[in-house]
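A.B. asks: data14.cif is the file, holding mmCIF, C-alpha atoms:
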```cif
data_protein
loop_
_atom_site.label_atom_id
_atom_site.label_comp_id
_atom_site.auth_asym_id
_atom_site.auth_seq_id
_atom_site.Cartn_x
_atom_site.Cartn_y
_atom_site.Cartn_z
CA MET J 882 62.64 22.15 -22.12
CA SER J 883 60.96 24.58 -24.48
CA ARG J 884 59.26 21.79 -26.38
CA GLN J 885 58.11 20.10 -23.21
CA PHE J 886 56.70 23.41 -21.91
CA MET J 887 54.84 24.07 -25.18
CA SER J 888 53.52 20.53 -25.17
CA ARG J 889 52.20 20.93 -21.65
CA GLN J 890 50.56 24.25 -22.58
CA SER J 891 48.89 22.61 -25.58
CA MET J 892 47.60 19.74 -23.44
CA SER J 893 46.31 22.23 -20.86
CA ARG J 894 44.42 24.19 -23.52
CA GLN J 895 42.93 20.98 -24.92
CA SER J 896 41.87 19.92 -21.44
CA MET J 897 40.23 23.31 -20.81
CA SER J 898 38.48 23.17 -24.18
CA ARG J 899 37.06 19.75 -23.31
CA GLN J 900 35.80 20.98 -19.94
CA SER J 901 34.48 24.37 -21.08
CA PRO J 902 31.09 23.24 -22.48
CA SER J 903 29.83 22.34 -19.01
CA THR J 904 30.57 25.86 -17.74
CA THR J 905 29.56 27.99 -20.72
CA PRO J 906 26.95 30.73 -20.14
CA THR J 907 24.47 28.78 -22.28
CA SER J 908 24.83 25.62 -20.19
CA LEU J 909 24.51 27.62 -16.98
CA SER J 910 21.36 29.31 -18.27
CA ALA J 911 19.95 25.89 -19.22
CA LYS J 912 20.59 24.68 -15.67
CA LEU J 913 18.95 27.83 -14.30
CA LEU J 914 15.91 27.23 -16.51
CA LYS J 915 15.65 23.63 -15.32
CA ALA J 916 16.04 24.63 -11.66
CA SER J 917 13.38 27.35 -11.93
CA GLY J 918 11.05 24.85 -13.60
CA VAL J 919 11.56 22.38 -10.75
CA LEU J 920 10.91 25.13 -8.19
CA TRP J 921 7.70 26.10 -10.02
CA PHE J 922 6.55 22.48 -10.02
CA ILE J 923 7.23 22.11 -6.29
CA ALA J 924 5.12 25.20 -5.57
CA ALA J 925 2.33 24.01 -7.88
CA ALA J 926 2.37 20.46 -6.48
CA THR J 927 2.20 21.80 -2.92
CA GLY J 928 -0.79 23.96 -3.80
CA GLN J 929 -2.50 21.06 -5.54
CA LEU J 930 -1.96 18.72 -2.60
CA ALA J 931 -3.66 21.33 -0.42
CA PHE J 932 -6.54 21.39 -2.94
CA ILE J 933 -6.78 17.59 -2.81
CA ALA J 934 -6.87 17.71 0.99
CA PHE J 935 -9.75 20.20 0.87
CA ILE J 936 -11.75 18.09 -1.59
CA VAL J 937 -11.28 14.96 0.51
CA LEU J 938 -12.05 16.62 3.84
CA TYR J 939 -14.98 18.67 2.55
CA TYR J 940 -16.68 16.83 -0.31
CA TYR J 941 -15.68 13.22 0.33
CA THR J 942 -16.77 13.25 3.98
CA ARG J 943 -20.14 14.80 3.16
CA THR J 944 -20.75 12.54 0.17
CA LEU J 945 -19.76 9.26 1.81
CA SER J 946 -21.84 10.07 4.89
CA GLY J 947 -24.88 10.73 2.67
CA ASN J 948 -25.16 14.35 3.80
CA LEU J 949 -25.33 15.76 0.28
CA SER J 950 -27.13 18.95 1.28
CA ALA J 951 -23.98 19.89 3.22
CA TRP J 952 -22.27 20.49 -0.15
CA ASN J 953 -23.93 23.90 0.04
CA ASP J 954 -22.20 24.80 3.32
CA LYS J 955 -19.57 26.47 1.16
CA PRO J 956 -21.07 29.53 -0.56
CA ILE J 957 -21.00 30.60 -4.22
CA ILE J 958 -21.73 27.37 -6.16
CA GLN J 959 -24.82 25.35 -5.21
CA GLY J 960 -23.84 21.70 -5.43
CA TYR J 961 -26.94 20.00 -4.03
CA THR J 962 -30.45 20.57 -5.37
CA ALA J 963 -33.36 18.72 -3.77
CA GLY J 964 -35.11 16.37 -6.19
CA ASP J 965 -32.41 16.66 -8.86
CA ASP J 966 -30.94 13.17 -8.59
CA ALA J 967 -29.21 13.24 -11.99
CA GLY J 968 -27.67 16.66 -11.34
CA ASN J 969 -26.57 15.71 -7.83
CA PHE J 970 -24.97 12.52 -9.17
CA MET J 971 -23.07 14.40 -11.88
CA PHE J 972 -21.88 16.99 -9.38
CA ALA J 973 -20.68 14.23 -7.03
CA VAL J 974 -18.78 12.52 -9.85
CA HIS J 975 -17.25 15.83 -10.86
CA VAL J 976 -15.93 16.88 -7.45
CA LEU J 977 -14.88 13.38 -6.34
CA LEU J 978 -12.89 12.81 -9.53
CA ALA J 979 -11.23 16.21 -9.05
CA ALA J 980 -9.06 14.88 -6.24
CA MET J 981 -8.09 11.76 -8.22
CA ILE J 982 -7.22 13.60 -11.43
CA THR J 983 -5.20 16.22 -9.57
CA LEU J 984 -3.13 13.51 -7.87
CA ALA J 985 -2.72 11.57 -11.14
CA GLY J 986 -1.55 14.77 -12.83
CA ILE J 987 1.13 15.38 -10.19
CA LEU J 988 2.41 11.83 -10.65
CA GLN J 989 2.61 12.34 -14.40
CA LEU J 990 5.05 15.22 -14.04
CA ILE J 991 7.56 13.53 -11.71
CA PRO J 992 10.57 12.64 -13.95
CA GLY J 993 11.94 9.99 -11.58
CA LEU J 994 8.63 8.14 -11.64
CA ARG J 995 8.59 8.15 -15.44
CA ARG J 996 12.07 6.61 -15.52
CA ARG J 997 11.74 4.09 -12.69
CA ALA J 998 8.12 3.05 -13.13
CA PRO J 999 7.21 3.55 -16.81
CA ALA J 1000 4.24 1.19 -16.55
CA LEU J 1001 2.77 3.22 -13.67
CA HIS J 1002 3.39 6.41 -15.62
CA SER J 1003 1.66 4.97 -18.67
CA TRP J 1004 -1.41 3.72 -16.83
CA SER J 1005 -1.75 6.82 -14.67
CA GLY J 1006 -1.55 8.82 -17.89
CA ARG J 1007 -4.38 6.84 -19.44
CA LEU J 1008 -6.43 7.27 -16.27
CA PHE J 1009 -5.68 10.99 -16.23
CA MET J 1010 -6.81 11.40 -19.83
CA LEU J 1011 -9.99 9.38 -19.28
CA MET J 1012 -10.90 11.37 -16.18
CA ALA J 1013 -10.14 14.61 -18.02
CA VAL J 1014 -12.67 13.75 -20.74
CA ILE J 1015 -15.28 12.61 -18.21
CA MET J 1016 -14.86 15.72 -16.08
CA ALA J 1017 -14.86 18.12 -19.04
CA ALA J 1018 -17.99 16.54 -20.53
CA GLY J 1019 -19.63 16.38 -17.10
CA GLY J 1020 -18.69 19.99 -16.35
CA LEU J 1021 -20.22 21.15 -19.63
CA TRP J 1022 -23.38 19.17 -18.80
CA LEU J 1023 -23.57 20.79 -15.36
CA VAL J 1024 -23.25 24.26 -16.86
CA ILE J 1025 -25.42 23.88 -19.99
CA VAL J 1026 -28.10 21.42 -18.85
CA ARG J 1027 -28.25 21.83 -15.08
CA GLY J 1028 -27.29 25.48 -14.92
CA THR J 1029 -24.64 25.08 -12.22
CA TYR J 1030 -23.15 28.56 -12.36
CA ILE J 1031 -23.46 31.92 -10.65
CA THR J 1032 -24.22 33.99 -13.74
CA VAL J 1033 -24.37 33.09 -17.42
CA ILE J 1034 -21.42 35.31 -18.30
CA SER J 1035 -19.28 33.79 -15.55
CA ALA J 1036 -19.96 30.34 -17.04
CA ILE J 1037 -18.49 31.23 -20.45
CA PRO J 1038 -14.76 30.97 -19.55
CA THR J 1039 -15.39 27.69 -17.71
CA SER J 1040 -17.22 26.24 -20.72
CA ILE J 1041 -14.42 27.28 -23.09
CA ASN J 1042 -11.95 25.56 -20.78
CA GLY J 1043 -14.01 22.35 -20.95
CA VAL J 1044 -14.09 22.41 -24.75
CA LEU J 1045 -10.33 23.00 -24.92
CA ILE J 1046 -9.75 20.02 -22.60
CA LEU J 1047 -11.70 17.72 -24.93
CA ILE J 1048 -9.80 18.96 -28.00
CA THR J 1049 -6.39 18.78 -26.34
CA ALA J 1050 -7.05 15.30 -24.95
CA GLY J 1051 -7.87 14.11 -28.47
CA VAL J 1052 -4.66 15.60 -29.90
CA ALA J 1053 -2.51 14.17 -27.10
CA LEU J 1054 -4.07 10.73 -27.59
CA TYR J 1055 -3.45 10.87 -31.34
CA PHE J 1056 0.26 11.58 -30.88
CA ALA J 1057 0.50 8.83 -28.27
CA VAL J 1058 -1.13 6.26 -30.56
CA THR J 1059 1.07 7.28 -33.51
CA ARG J 1060 4.17 7.05 -31.26
CA GLN J 1061 5.14 10.70 -31.72
CA ILE J 1062 6.31 10.77 -28.13
CA ASP J 1063 7.81 14.26 -27.92
CA ARG J 1064 4.73 15.86 -29.46
CA HIS J 1065 2.53 13.74 -27.20
CA ARG J 1066 4.51 14.92 -24.17
CA ARG J 1067 4.01 18.55 -25.07
CA TRP J 1068 0.29 18.18 -25.67
CA ALA J 1069 -0.06 16.16 -22.47
CA MET J 1070 1.53 19.09 -20.61
CA ARG J 1071 -1.00 21.43 -22.21
CA LEU J 1072 -3.78 19.06 -21.17
CA TRP J 1073 -2.45 19.03 -17.60
CA LEU J 1074 -2.58 22.82 -17.46
CA LEU J 1075 -6.09 22.98 -18.92
CA VAL J 1076 -7.40 20.33 -16.53
CA ASN J 1077 -6.00 22.36 -13.65
CA GLY J 1078 -7.74 25.51 -14.84
CA VAL J 1079 -10.13 25.27 -11.89
CA TRP J 1080 -7.20 25.15 -9.48
CA PHE J 1081 -5.34 27.96 -11.27
CA PHE J 1082 -8.48 30.12 -11.07
CA ARG J 1083 -8.61 29.79 -7.29
CA ILE J 1084 -4.89 30.48 -6.97
CA LEU J 1085 -4.95 33.51 -9.27
CA ILE J 1086 -8.06 35.03 -7.76
CA MET J 1087 -6.65 34.73 -4.23
CA ALA J 1088 -3.26 36.09 -5.34
CA TRP J 1089 -5.09 39.05 -6.93
CA ALA J 1090 -7.16 39.54 -3.77
CA ILE J 1091 -4.01 39.68 -1.63
CA ILE J 1092 -1.74 41.70 -3.93
CA MET J 1093 -4.37 44.07 -5.34
CA GLN J 1094 -6.56 44.15 -2.21
CA GLY J 1095 -9.46 42.60 -4.14
CA ALA J 1096 -9.80 45.48 -6.60
CA GLY J 1097 -12.46 44.71 -9.22
CA LEU J 1098 -13.57 41.36 -7.79
CA THR J 1099 -17.29 40.70 -7.32
CA ASP J 1100 -19.39 38.01 -5.65
CA THR J 1101 -20.97 37.15 -9.01
CA LEU J 1102 -17.58 36.57 -10.68
CA SER J 1103 -18.82 38.52 -13.70
CA SER J 1104 -16.79 41.75 -13.57
CA PRO J 1105 -14.06 42.41 -16.17
CA VAL J 1106 -11.44 41.50 -13.54
CA ASP J 1107 -13.27 38.28 -12.62
CA LEU J 1108 -13.64 37.26 -16.26
CA GLY J 1109 -10.05 38.21 -17.04
CA ILE J 1110 -8.76 36.02 -14.21
CA ALA J 1111 -11.09 33.18 -15.26
CA ALA J 1112 -9.77 33.25 -18.84
CA SER J 1113 -6.18 33.69 -17.63
CA SER J 1114 -6.51 30.59 -15.45
CA TYR J 1115 -5.96 28.40 -18.51
CA LEU J 1116 -4.82 30.71 -21.32
CA LEU J 1117 -1.96 32.23 -19.31
CA PRO J 1118 -0.44 28.87 -18.22
CA ILE J 1119 -0.69 27.60 -21.81
CA GLY J 1120 1.11 30.70 -23.08
CA ILE J 1121 3.83 30.45 -20.43
CA LEU J 1122 4.33 26.77 -21.25
CA GLN J 1123 4.84 27.65 -24.90
CA LEU J 1124 7.47 30.23 -23.95
CA TYR J 1125 9.13 27.64 -21.71
CA LEU J 1126 9.28 25.07 -24.52
CA MET J 1127 10.72 27.68 -26.88
CA ALA J 1128 13.34 28.61 -24.28
CA GLN J 1129 14.22 24.92 -23.89
CA ASP J 1130 14.64 24.48 -27.62
CA THR J 1131 16.81 27.53 -28.27
CA SER J 1132 20.58 27.55 -27.87
CA HIS J 1133 20.60 31.24 -26.90
CA MET J 1134 21.24 32.29 -23.32
CA VAL J 1135 18.97 35.35 -23.01
CA PRO J 1136 15.60 33.59 -23.59
CA LYS J 1137 16.53 30.92 -21.05
CA ILE J 1138 17.41 33.50 -18.39
CA ALA J 1139 14.29 35.57 -19.15
CA MET J 1140 12.12 32.47 -18.89
CA SER J 1141 13.77 31.51 -15.62
CA VAL J 1142 12.92 34.92 -14.16
CA LEU J 1143 9.33 34.61 -15.39
CA LEU J 1144 9.01 31.17 -13.79
CA LEU J 1145 10.32 32.53 -10.48
CA VAL J 1146 7.70 35.29 -10.61
CA CYS J 1147 5.02 32.69 -11.36
CA THR J 1148 6.29 30.58 -8.45
CA GLY J 1149 5.87 33.54 -6.12
CA ILE J 1150 2.33 34.17 -7.36
CA ILE J 1151 1.43 30.51 -6.85
CA ALA J 1152 2.85 30.61 -3.31
CA ILE J 1153 0.83 33.73 -2.45
CA GLY J 1154 -2.33 32.34 -4.08
CA THR J 1155 -1.96 28.99 -2.33
CA PHE J 1156 -1.63 30.71 1.03
CA GLY J 1157 -4.75 32.77 0.31
CA ALA J 1158 -6.75 29.77 -0.91
CA VAL J 1159 -5.86 27.67 2.11
CA ALA J 1160 -6.39 30.48 4.64
CA PHE J 1161 -9.60 31.99 3.26
CA MET J 1162 -11.16 29.63 0.72
CA TRP J 1163 -10.55 26.06 1.97
CA TRP J 1164 -9.52 25.80 5.63
CA PRO J 1165 -12.50 27.73 7.09
CA TYR J 1166 -14.91 25.14 5.63
CA ILE J 1167 -13.11 21.96 6.71
#
```
Before we go any further, please render this structure as structure tokens.
C.D. replies:
Amino acid sequence: MSRQFMSRQSMSRQSMSRQSPSTTPTSLSAKLLKASGVLWFIAAATGQLAFIAFIVLYYYTRTLSGNLSAWNDKPIIQGYTAGDDAGNFMFAVHVLLAAMITLAGILQLIPGLRRRAPALHSWSGRLFMLMAVIMAAGGLWLVIVRGTYITVISAIPTSINGVLILITAGVALYFAVTRQIDRHRRWAMRLWLLVNGVWFFRILIMAWAIIMQGAGLTDTLSSPVDLGIAASSYLLPIGILQLYLMAQDTSHMVPKIAMSVLLLVCTGIIAIGTFGAVAFMWWPYI
């Protein structure tokens, strides 16, 4: 009896030891990190779909109907300039591609699509990268050659973003061609964030306007607050991504939990900013 009891105890301990890895604090923190990342993506994708809807309903309708002067119905940036055919064409290409590249970017980050339709993922990735280069180069042309900006100083963060997109696209392409898939994936994620700098800027500036009651914001987008938000629209997401990747790679529990909390805070900011953008920046002009 004693031997049988001891044998059963030993088997029970072995069974518990085999099951314990799935319920360790580290594994739970990894699941929390993954769940918070999914929640962040859902919030970001929702905000980007709203941005796509605005571009289609505002810019596509006016462009396809030939009413290009109506681009200027929305204040701040002047899209249409009489007699500037080249500039108007470049602006049209820029804003019309914005909807396509935003949608392609969302598709790139859906894990199920990568697994079930790898060919679609691959081709949409190539299209995304090509459009990123075209839009970055075109955006730099609009700023430097055409002068499509509010003030010179407000154009500096946007121009830096464009340059970073071109560099990051080149690095991501290099790692793809050399079949360094994990490094390509990480640089492709950085490229996705940089390309969405324009969207992040709108989300952050509206979140700031709501939370901070617009303190420090100006119509010329050239105050220290304006410039700080403009630079943060691509530098901050890149920094947070790096922290996220480091949290993924570590086996320690604390960084994963801390990163999960940070992602939840970011999710809340995106939700607030998306509400503000839709309510005050996009919907009134549709």
A.B. asks: To one decimal place, how far is CA of Ser1104 (chain J) from CA of Lys955 (chain J) in Å?
C.D. replies: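 Value for the CA of Ser1104 (chain J)-CA of Lys955 (chain J) distance: 21.4 Å.
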A.B. asks: Considering all atoms listed in the file, return as a count of residues only whatever protein or nucleic-acid residues lie within 8 Å of region 916-932 of chain J, sequence-local ones (same chain, fewer than 6 positions apart) excluded.
C.D. replies: 16
A.B. asks: Looking at J:Met1070, J:Ala1088, J:Leu1143, J:Val1052, which one is nearest to Leu990 (chain J), with distances taken over only C-alpha atoms?
C.D. replies: J:Met1070
A.B. asks: Within 12 Å of (4.5, 13.1, -25.3) (file coordinates; all atoms listed in the file), which protein or nucleic acid residues are there? I'd like them as an MDAnalysis selection string.
C.D. replies: chainID J and resid 989:990 995 1002:1003 1006 1050 1052:1073
A.B. asks: Go ahead and compute the interatomic distance for CA of Pro1038 (chain J) and CA of Tyr1166 (chain J), in Å to one decimal.
C.D. replies: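 Computing the Euclidean distance for CA of Pro1038 (chain J) and CA of Tyr1166 (chain J) yields 25.8 Å.
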A.B. asks: Applied to the shown file, which residues does the PyMOL selection byres ((chain J and resi 957) around 10) return, written as number ranges by chain?
C.D. replies: J: 953-956, 958-960, 1030-1031, 1100-1102
A.B. asks: Pull the closest atom pair for each residue of region 905-925 of chain J that gets at most 12 Å from region 1122-1132 of chain J, along with the distance in Å to one decimal, counting all atoms listed in the file, ordering rows by chain and then ascending residue number, as CSV.
C.D. replies:
```
residue,atom,partner,partner_atom,distance
J:Thr905,CA,J:Ser1132,CA,11.5
J:Pro906,CA,J:Ser1132,CA,10.5
J:Thr907,CA,J:Ser1132,CA,6.9
J:Ser908,CA,J:Ser1132,CA,9.0
J:Leu909,CA,J:Ser1132,CA,11.6
J:Ser910,CA,J:Ser1132,CA,9.8
J:Ala911,CA,J:Gln1129,CA,7.5
J:Lys912,CA,J:Gln1129,CA,10.4
J:Leu913,CA,J:Gln1129,CA,11.1
J:Leu914,CA,J:Gln1129,CA,7.9
J:Lys915,CA,J:Gln1129,CA,8.8
J:Ser917,CA,J:Tyr1125,CA,10.7
J:Gly918,CA,J:Tyr1125,CA,8.8
J:Trp921,CA,J:Leu1122,CA,11.7
```
A.B. asks: If I take CA of Leu1116 (chain J) and CA of Leu1047 (chain J), how far is one from the other in Å, to one decimal?
C.D. replies: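 Separating CA of Leu1116 (chain J) from CA of Leu1047 (chain J) is a distance of 15.1 Å.
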A.B. asks: I need the residue nearest Phe1009 (chain J) from this list: J:Ser1114, J:Thr1099, J:Asn1077, J:Thr942. Use all atoms listed in the file for the distance.
C.D. replies: J:Asn1077
A.B. asks: Run through the PyMOL selection byres ((chain J and resi 1111) around 10) on the given coordinates and return the selected residues as a PyMOL selection string.
C.D. replies: chain J and resi 1035-1039+1042+1078-1079+1081-1083+1085-1086+1102-1103+1105-1110+1112-1116
